[in-house]
>>> print(open('run.csv').read())   # CSV, C-alpha atoms
chain,number,residue,atom,x,y,z
A,253,MET,CA,-27.5,-13.7,13.0
A,254,LYS,CA,-24.2,-12.3,14.3
A,255,VAL,CA,-21.0,-12.8,12.3
A,256,VAL,CA,-17.5,-11.8,13.3
A,257,VAL,CA,-15.2,-10.3,10.7
A,258,THR,CA,-11.6,-10.1,11.7
A,259,GLY,CA,-9.7,-7.4,9.9
A,260,GLY,CA,-13.1,-5.9,9.3
A,261,LEU,CA,-11.9,-2.4,8.5
A,262,GLY,CA,-9.3,-3.5,6.0
A,263,PHE,CA,-9.6,-3.5,2.3
A,264,ILE,CA,-11.4,-6.8,1.7
A,265,GLY,CA,-12.9,-7.0,5.2
A,266,SER,CA,-14.8,-3.7,4.9
A,267,HIS,CA,-16.3,-4.6,1.5
A,268,THR,CA,-17.4,-8.0,3.0
A,269,VAL,CA,-19.0,-6.2,6.0
A,270,VAL,CA,-21.0,-4.2,3.5
A,271,GLU,CA,-22.2,-7.3,1.7
A,272,LEU,CA,-23.0,-9.1,4.9
A,273,GLN,CA,-25.1,-6.1,6.2
A,274,ASN,CA,-26.8,-5.9,2.8
A,275,GLU,CA,-27.9,-9.5,3.4
A,276,GLY,CA,-29.2,-8.8,6.9
A,277,PHE,CA,-26.4,-10.1,9.0
A,278,GLU,CA,-25.4,-8.3,12.2
A,279,VAL,CA,-21.6,-7.8,11.9
A,280,ILE,CA,-19.0,-7.5,14.7
A,281,ALA,CA,-15.8,-6.2,13.1
A,282,ILE,CA,-12.4,-6.7,14.8
A,283,ASP,CA,-9.4,-4.7,13.7
A,284,ASN,CA,-6.2,-3.5,15.3
A,285,LEU,CA,-6.0,-0.6,12.8
A,286,SER,CA,-2.4,-1.4,11.9
A,287,ASN,CA,-3.3,-1.0,8.2
A,288,SER,CA,-6.7,0.6,8.3
A,289,SER,CA,-8.6,3.5,9.9
A,290,GLU,CA,-11.7,3.8,12.1
A,291,ASP,CA,-13.0,6.3,9.4
A,292,VAL,CA,-13.9,3.2,7.4
A,293,LEU,CA,-16.9,2.7,9.7
A,294,ASP,CA,-18.3,6.0,8.3
A,295,GLY,CA,-18.0,4.7,4.7
A,296,ILE,CA,-19.7,1.5,5.6
A,297,TYR,CA,-22.5,3.5,7.2
A,298,ASN,CA,-22.9,5.7,4.2
A,299,ILE,CA,-23.4,2.7,2.0
A,300,THR,CA,-25.6,0.5,4.2
A,301,GLY,CA,-27.2,2.9,6.6
A,302,LYS,CA,-25.8,0.9,9.5
A,303,LYS,CA,-22.4,0.7,11.3
A,304,PRO,CA,-21.2,-2.7,12.4
A,305,LEU,CA,-20.3,-3.2,16.0
A,306,PHE,CA,-16.5,-2.5,16.3
A,307,GLU,CA,-14.0,-3.9,18.7
A,308,LYS,CA,-10.5,-2.5,18.4
A,309,MET,CA,-8.2,-5.4,19.4
A,310,ASP,CA,-5.0,-7.3,18.4
A,311,LEU,CA,-5.7,-10.9,17.9
A,312,ARG,CA,-2.1,-11.7,19.0
A,313,ASP,CA,-3.3,-11.0,22.5
A,314,LYS,CA,-4.7,-14.3,23.6
A,315,SER,CA,-6.6,-13.0,26.6
A,316,SER,CA,-8.4,-10.4,24.5
A,317,VAL,CA,-9.5,-13.1,22.1
A,318,GLN,CA,-10.8,-15.2,25.0
A,319,ASN,CA,-12.7,-12.2,26.5
A,320,PHE,CA,-14.2,-11.3,23.1
A,321,PHE,CA,-15.7,-14.7,22.6
A,322,LYS,CA,-17.1,-14.8,26.1
A,323,LYS,CA,-18.9,-11.6,25.3
A,324,TYR,CA,-20.1,-12.7,21.8
A,325,ASN,CA,-20.8,-16.4,22.4
A,326,ASP,CA,-23.8,-16.4,20.1
A,327,VAL,CA,-22.1,-15.8,16.8
A,328,VAL,CA,-22.9,-18.1,13.9
A,329,GLY,CA,-19.6,-17.7,12.0
A,330,VAL,CA,-16.2,-16.0,11.8
A,331,ILE,CA,-14.7,-14.6,8.6
A,332,HIS,CA,-11.0,-14.3,9.2
A,333,PHE,CA,-9.1,-11.6,7.2
A,334,ALA,CA,-6.8,-10.3,9.9
A,335,ALA,CA,-3.3,-10.9,8.7
A,336,SER,CA,-0.2,-9.2,7.2
A,337,LYS,CA,-0.4,-9.5,3.5
A,338,ALA,CA,2.6,-8.2,1.5
A,339,VAL,CA,4.9,-10.7,-0.2
A,340,GLY,CA,8.0,-8.4,-0.2
A,341,GLU,CA,7.6,-7.3,3.4
A,342,SER,CA,7.3,-10.9,4.5
A,343,VAL,CA,10.6,-11.7,3.0
A,344,GLU,CA,12.2,-8.8,4.9
A,345,ASN,CA,10.4,-9.4,8.2
A,346,PRO,CA,9.3,-13.1,8.4
A,347,LEU,CA,8.9,-13.3,12.1
A,348,LEU,CA,6.2,-10.5,12.1
A,349,TYR,CA,4.3,-12.6,9.5
A,350,TYR,CA,4.6,-15.9,11.4
A,351,GLU,CA,3.5,-14.2,14.7
A,352,ASN,CA,0.7,-12.2,13.2
A,353,ASN,CA,-0.7,-14.7,10.7
A,354,ILE,CA,-0.4,-17.9,12.7
A,355,ASN,CA,-0.8,-16.9,16.3
A,356,ALA,CA,-4.0,-14.9,15.6
A,357,LEU,CA,-5.5,-17.8,13.7
A,358,VAL,CA,-4.8,-20.3,16.4
A,359,TYR,CA,-6.3,-18.1,19.1
A,360,VAL,CA,-9.5,-17.6,17.2
A,361,LEU,CA,-9.9,-21.3,16.4
A,362,GLN,CA,-9.3,-22.2,20.1
A,363,GLU,CA,-12.3,-20.1,21.1
A,364,LEU,CA,-14.5,-20.9,18.1
A,365,LYS,CA,-14.4,-24.7,18.8
A,366,GLU,CA,-16.0,-24.0,22.2
A,367,LEU,CA,-19.1,-22.4,20.6
A,368,PRO,CA,-22.3,-24.3,19.7
A,369,ILE,CA,-22.2,-23.1,16.1
A,370,ALA,CA,-18.7,-23.0,14.6
A,371,ASN,CA,-18.5,-21.9,11.0
A,372,PHE,CA,-15.1,-20.5,9.7
A,373,ILE,CA,-14.3,-18.7,6.4
A,374,PHE,CA,-10.5,-18.4,5.9
A,375,SER,CA,-8.9,-15.7,3.8
A,376,SER,CA,-6.4,-17.8,1.9
A,377,SER,CA,-4.4,-17.0,-1.2
A,378,CYS,CA,-3.2,-18.3,-4.6
A,379,THR,CA,0.3,-18.0,-3.2
A,380,VAL,CA,-0.3,-21.4,-1.6
A,381,TYR,CA,0.2,-22.9,-5.1
A,382,GLY,CA,3.7,-21.3,-5.5
A,383,GLN,CA,4.7,-21.4,-9.1
A,384,ALA,CA,1.9,-23.8,-10.2
A,385,GLU,CA,2.7,-26.5,-12.8
A,386,GLU,CA,-0.8,-26.1,-14.3
A,387,ILE,CA,-2.3,-22.8,-15.5
A,388,PRO,CA,-5.1,-21.8,-15.1
A,389,ILE,CA,-4.7,-23.2,-11.5
A,390,PRO,CA,-7.4,-25.7,-10.2
A,391,GLU,CA,-8.1,-26.2,-6.5
A,392,ASP,CA,-6.5,-29.7,-6.7
A,393,ALA,CA,-3.2,-28.4,-8.0
A,394,SER,CA,-0.3,-29.7,-5.9
A,395,ILE,CA,0.9,-27.2,-3.2
A,396,GLN,CA,4.4,-26.2,-4.1
A,397,ILE,CA,7.1,-24.9,-1.7
A,398,ALA,CA,6.0,-21.4,-0.8
A,399,MET,CA,8.0,-18.6,-2.5
A,400,SER,CA,7.6,-16.2,0.5
A,401,PRO,CA,6.9,-16.3,4.3
A,402,TYR,CA,3.5,-14.7,3.5
A,403,GLY,CA,2.7,-17.6,1.2
A,404,ASN,CA,4.0,-20.1,3.8
A,405,THR,CA,1.7,-18.6,6.5
A,406,LYS,CA,-1.3,-19.3,4.2
A,407,GLN,CA,-0.2,-22.8,3.6
A,408,ILE,CA,0.4,-23.4,7.3
A,409,GLY,CA,-3.0,-21.7,8.1
A,410,GLU,CA,-4.8,-24.2,5.8
A,411,GLU,CA,-3.0,-27.1,7.4
A,412,ILE,CA,-4.0,-26.0,10.9
A,413,ILE,CA,-7.6,-25.6,9.8
A,414,ASN,CA,-7.6,-29.1,8.2
A,415,ASP,CA,-6.1,-30.6,11.4
A,416,VAL,CA,-8.6,-28.8,13.7
A,417,ALA,CA,-11.5,-29.9,11.5
A,418,LYS,CA,-10.8,-33.6,12.2
A,419,VAL,CA,-11.3,-33.3,15.9
A,420,THR,CA,-13.7,-30.4,16.5
A,421,ASN,CA,-17.2,-29.2,15.4
A,422,ILE,CA,-15.7,-26.4,13.2
A,423,ASN,CA,-16.8,-26.4,9.5
A,424,SER,CA,-14.6,-24.3,7.2
A,425,ILE,CA,-14.3,-22.9,3.7
A,426,LEU,CA,-10.9,-21.8,2.5
A,427,LEU,CA,-11.1,-19.1,-0.1
A,428,ARG,CA,-8.0,-18.8,-2.2
A,429,TYR,CA,-8.0,-15.3,-3.7
A,430,PHE,CA,-6.0,-14.2,-6.6
A,431,ASN,CA,-5.4,-10.4,-6.8
A,432,PRO,CA,-8.1,-8.2,-5.3
A,433,ILE,CA,-8.3,-4.7,-6.7
A,434,GLY,CA,-10.9,-1.8,-7.1
A,435,SER,CA,-13.2,-0.2,-4.7
A,436,HIS,CA,-16.9,0.0,-3.9
A,437,PRO,CA,-18.8,1.7,-6.7
A,438,SER,CA,-19.9,4.4,-4.3
A,439,ALA,CA,-16.2,5.3,-3.6
A,440,GLU,CA,-17.1,5.3,0.1
A,441,ILE,CA,-14.6,2.6,0.9
A,442,GLY,CA,-11.6,1.3,-1.0
A,443,GLU,CA,-8.0,0.3,-0.7
A,444,LEU,CA,-6.0,2.7,1.5
A,445,PRO,CA,-2.6,1.2,2.3
A,446,LEU,CA,-0.6,3.0,5.0
A,447,GLY,CA,2.8,4.1,3.7
A,448,VAL,CA,4.2,3.0,0.3
A,449,PRO,CA,1.8,0.6,-1.4
A,450,GLN,CA,3.0,-3.1,-1.6
A,451,ASN,CA,0.4,-3.9,-4.3
A,452,LEU,CA,0.3,-2.9,-8.0
A,453,VAL,CA,-3.0,-1.0,-8.4
A,454,PRO,CA,-2.8,1.4,-5.5
A,455,PHE,CA,0.8,2.2,-6.6
A,456,ILE,CA,-0.6,2.9,-10.1
A,457,THR,CA,-3.3,5.2,-8.8
A,458,GLN,CA,-1.0,7.0,-6.4
A,459,THR,CA,1.5,7.5,-9.2
A,460,ALA,CA,-1.3,8.8,-11.5
A,461,ILE,CA,-2.6,11.3,-8.9
A,462,GLY,CA,1.0,12.6,-8.2
A,463,LEU,CA,1.6,11.1,-4.8
A,464,ARG,CA,4.4,8.8,-6.2
A,465,GLU,CA,7.0,10.0,-8.7
A,466,LYS,CA,7.3,6.7,-10.6
A,467,LEU,CA,5.8,3.2,-10.7
A,468,ALA,CA,8.3,0.4,-10.4
A,469,VAL,CA,7.7,-2.7,-12.6
A,470,TYR,CA,9.5,-5.6,-11.0
A,471,GLY,CA,11.1,-7.6,-13.8
A,472,ASN,CA,10.5,-7.8,-17.6
A,473,ASP,CA,12.3,-11.1,-18.1
A,474,TYR,CA,9.7,-13.5,-16.9
A,475,PRO,CA,8.6,-16.3,-19.3
A,476,THR,CA,5.4,-14.5,-20.3
A,477,PRO,CA,4.4,-12.8,-23.6
A,478,ASP,CA,5.7,-9.3,-22.6
A,479,GLY,CA,8.2,-10.4,-19.9
A,480,THR,CA,6.2,-9.0,-17.0
A,481,ALA,CA,4.5,-11.1,-14.3
A,482,ILE,CA,0.9,-12.3,-15.0
A,483,ARG,CA,-1.8,-12.2,-12.3
A,484,ASP,CA,-5.6,-12.6,-12.0
A,485,TYR,CA,-7.1,-9.3,-10.9
A,486,ILE,CA,-10.5,-9.6,-9.3
A,487,HIS,CA,-12.8,-6.8,-8.2
A,488,VAL,CA,-13.0,-6.6,-4.4
A,489,VAL,CA,-16.9,-6.4,-4.5
A,490,ASP,CA,-17.0,-9.7,-6.4
A,491,LEU,CA,-14.7,-11.2,-3.8
A,492,ALA,CA,-16.7,-9.9,-0.9
A,493,LYS,CA,-19.9,-11.4,-2.3
A,494,ALA,CA,-18.2,-14.8,-2.4
A,495,HIS,CA,-17.7,-14.7,1.3
A,496,VAL,CA,-21.4,-14.2,1.9
A,497,LEU,CA,-22.2,-17.2,-0.3
A,498,ALA,CA,-19.6,-19.3,1.5
A,499,LEU,CA,-21.0,-18.4,4.9
A,500,GLN,CA,-24.6,-19.2,3.7
A,501,ARG,CA,-23.4,-22.5,2.4
A,502,LEU,CA,-22.1,-23.5,5.8
A,503,LEU,CA,-25.1,-22.1,7.7
A,504,HIS,CA,-27.5,-24.1,5.4
A,505,LYS,CA,-25.2,-27.2,5.9
A,506,LYS,CA,-24.7,-27.6,2.1
A,507,ASN,CA,-21.0,-28.2,2.5
A,508,GLN,CA,-19.9,-31.7,1.4
A,509,GLU,CA,-16.8,-31.8,3.6
A,510,LYS,CA,-15.7,-30.3,6.9
A,511,VAL,CA,-13.2,-28.2,4.9
A,512,GLU,CA,-13.9,-27.0,1.4
A,513,VAL,CA,-11.6,-25.0,-0.9
A,514,PHE,CA,-12.6,-22.5,-3.6
A,515,ASN,CA,-10.5,-20.4,-6.0
A,516,LEU,CA,-11.7,-16.8,-6.3
A,517,GLY,CA,-10.5,-15.1,-9.5
A,518,THR,CA,-11.7,-14.0,-12.9
A,519,GLY,CA,-10.0,-16.9,-14.7
A,520,THR,CA,-8.1,-14.3,-16.9
A,521,GLY,CA,-4.4,-13.5,-16.5
A,522,SER,CA,-3.2,-10.0,-17.1
A,523,SER,CA,0.4,-8.9,-17.2
A,524,VAL,CA,1.7,-5.8,-15.3
A,525,LEU,CA,2.0,-4.0,-18.6
A,526,ASP,CA,-1.6,-5.1,-19.5
A,527,VAL,CA,-2.8,-3.4,-16.3
A,528,ILE,CA,-0.8,-0.3,-17.0
A,529,THR,CA,-2.3,-0.1,-20.5
A,530,ALA,CA,-5.8,-0.7,-19.3
A,531,PHE,CA,-5.4,2.0,-16.6
A,532,GLU,CA,-4.1,4.5,-19.1
A,533,LYS,CA,-7.1,3.8,-21.3
A,534,ILE,CA,-9.7,4.3,-18.5
A,535,SER,CA,-8.0,7.3,-16.9
A,536,GLY,CA,-6.7,9.1,-20.0
A,537,GLN,CA,-3.4,9.5,-18.3
A,538,LYS,CA,0.1,8.3,-19.2
A,539,LEU,CA,1.8,6.6,-16.4
A,540,ASN,CA,5.4,7.2,-15.4
A,541,TYR,CA,6.9,3.8,-14.9
A,542,GLN,CA,10.3,2.1,-14.8
A,543,ILE,CA,11.4,-1.5,-15.3
A,544,VAL,CA,13.5,-2.6,-12.3
A,545,GLY,CA,14.8,-6.0,-11.1
A,546,ARG,CA,12.6,-8.8,-10.0
A,547,ARG,CA,11.3,-8.8,-6.4
A,548,LYS,CA,12.1,-11.7,-4.1
A,549,GLY,CA,9.2,-14.0,-3.6
A,550,ASP,CA,7.4,-13.2,-6.9
A,551,ILE,CA,6.4,-15.9,-9.3
A,552,ALA,CA,6.0,-15.6,-13.1
A,553,SER,CA,2.3,-16.4,-13.6
A,554,ALA,CA,-0.8,-17.2,-11.7
A,555,TYR,CA,-4.5,-17.1,-12.7
A,556,ALA,CA,-7.5,-19.2,-11.6
A,557,ASN,CA,-9.5,-22.0,-12.8
A,558,THR,CA,-12.8,-20.9,-11.3
A,559,ASN,CA,-15.1,-23.8,-12.5
A,560,LYS,CA,-15.6,-25.1,-8.9
A,561,ALA,CA,-16.6,-21.8,-7.5
A,562,ASN,CA,-18.9,-21.2,-10.5
A,563,LYS,CA,-20.7,-24.5,-10.2
A,564,VAL,CA,-20.6,-25.5,-6.5
A,565,LEU,CA,-20.6,-22.1,-4.8
A,566,GLY,CA,-22.8,-20.5,-7.4
A,567,TRP,CA,-20.4,-17.5,-7.7
A,568,LYS,CA,-18.8,-15.8,-10.7
A,569,ALA,CA,-16.8,-12.6,-11.0
A,570,GLN,CA,-18.9,-9.9,-12.7
A,571,SER,CA,-16.4,-7.1,-13.3
A,572,ASN,CA,-13.6,-7.0,-15.8
A,573,LEU,CA,-10.1,-5.4,-15.4
A,574,GLU,CA,-11.2,-2.0,-16.8
A,575,ASP,CA,-14.3,-1.9,-14.5
A,576,SER,CA,-12.1,-2.7,-11.5
A,577,LEU,CA,-9.4,-0.1,-12.4
A,578,ALA,CA,-12.0,2.6,-13.0
A,579,SER,CA,-13.4,2.0,-9.5
A,580,ALA,CA,-9.9,2.2,-8.0
A,581,TRP,CA,-9.3,5.5,-9.9
A,582,LYS,CA,-12.6,6.9,-8.7
A,583,TRP,CA,-11.7,6.1,-5.1
A,584,GLU,CA,-8.2,7.5,-5.4
A,585,LYS,CA,-9.5,10.8,-6.8
A,586,LYS,CA,-12.1,11.0,-4.1
A,587,ILE,CA,-9.7,10.6,-1.2
A,588,ARG,CA,-7.2,13.1,-2.7
A,589,ASN,CA,-10.1,15.5,-3.3
A,590,LYS,CA,-9.3,15.7,-7.0
>>> encode(input="run.csv", output="structure tokens")
Amino acid sequence: MKVVVTGGLGFIGSHTVVELQNEGFEVIAIDNLSNSSEDVLDGIYNITGKKPLFEKMDLRDKSSVQNFFKKYNDVVGVIHFAASKAVGESVENPLLYYENNINALVYVLQELKELPIANFIFSSSCTVYGQAEEIPIPEDASIQIAMSPYGNTKQIGEEIINDVAKVTNINSILLRYFNPIGSHPSAEIGELPLGVPQNLVPFITQTAIGLREKLAVYGNDYPTPDGTAIRDYIHVVDLAKAHVLALQRLLHKKNQEKVEVFNLGTGTGSSVLDVITAFEKISGQKLNYQIVGRRKGDIASAYANTNKANKVLGWKAQSNLEDSLASAWKWEKKIRNK
């Protein structure tokens, strides 16, 4: 069975391609390589013994999307990762985020609804909750006003998918991730941001390896036990496996509604300083970090209530924070040849 993975050479996309291939799916990966590299295909091959089909294309080009689905009209599902994903950058460049994250989604859905089998897995985010009133956050928590253009694109994306589901044959699962970190245990693929990392863990590993002089900790005056922001850090392989389960749920017609929503996290919140301490423990290195002002768009605390994913999807995170950080550090050392 053929499955399309957009953003398939990115961080989460590449790990999901691995898990899909391990389950026997034939994968067609789409990526414009704006934040990834074609070398990732070699890493996927080294793990699974097979390269996915790869189409380099930009989903903002409507005619390219149309031509792609004419060529691959026998796919059984689309897993949609392709999007810009940094909160801070979205505040600085909102139009890029609205163009990239919304237009691409619309063009893919326009073509998917014409196919005989139309299953869609959407890469959503806990940012849709804003600063949630209830912690840990359940799926039925009220959607707050988005704190960033990035978060708003995920809210809008979910709204589009719900509207489309009412009038088409598309069945969808929205997966709201918390904070993906780590790398494949083989260290063949991992997180490789181009330029200065926007996320905490690659900034930590790049600082520890000597690529960055100092780690910036954004704010220590949040209403949390140590004053730093709390997040739910989930291993990327655990996350990838959830996408396979979600797709299988749709293929076996086990979904109870046209659009279902699941949180993907560990259910445990860790502060920035907790993450730094855990990294220092697993690496044996002291990190050079500095407390700086808060970053626009950031919230104080977010971690998941995962009961629904555990019971309904049959999924549970297997790795803890130290496991995830150890795999990220192994990957960093490999790519820097240290």
>>> atom_distance(input="run.csv", atom1="CA of Ala356 (chain A)", atom2="CA of Gly517 (chain A)")
25.9 Å
>>> closest_residue(input="run.csv", among="A:Asn472, A:Thr518, A:Gln318, A:Asn371", to="Val358 (chain A)", atoms="all atoms listed in the file")
A:Gln318
>>> closest_residue(input="run.csv", among="A:Leu502, A:Leu525, A:Glu307, A:Ser266", to="Tyr324 (chain A)", atoms="all atoms listed in the file")
A:Glu307
>>> residues_around(input="run.csv", residues="Ser435 (chain A)", least_positions_apart="3", cutoff="8 Å", atoms="all atoms listed in the file", output="MDAnalysis selection string")
chainID A and resid 439 441:443 487:489 576 579:580 583
>>> atom_distance(input="run.csv", atom1="CA of Ile433 (chain A)", atom2="CA of Ile482 (chain A)")
14.5 Å
>>> closest_residue(input="run.csv", among="A:Gly382, A:Glu440, A:Tyr541, A:Gly259", to="Asp291 (chain A)", atoms="all atoms listed in the file")
A:Glu440
>>> residues_around(input="run.csv", residues="region 497-501 of chain A", least_positions_apart="2", cutoff="12 Å", atoms="only C-alpha atoms", output="JSON, numbers by chain")
{"A": [253, 254, 255, 256, 257, 268, 271, 272, 275, 276, 277, 328, 329, 330, 331, 332, 370, 371, 372, 373, 374, 375, 423, 424, 425, 426, 427, 490, 491, 492, 493, 494, 495, 503, 504, 505, 506, 507, 508, 509, 510, 511, 512, 513, 514, 515, 516, 561, 562, 564, 565, 566, 567, 568]}
>>> atom_distance(input="run.csv", atom1="CA of Asn345 (chain A)", atom2="CA of Tyr402 (chain A)")
9.9 Å
>>> closest_residue(input="run.csv", among="A:Val269, A:Ile389, A:Val469, A:Ala334", to="Leu305 (chain A)", atoms="all atoms listed in the file")
A:Val269
>>> closest_residue(input="run.csv", among="A:Val360, A:Ile461, A:Leu285, A:Pro445", to="Ile413 (chain A)", atoms="only C-alpha atoms")
A:Val360
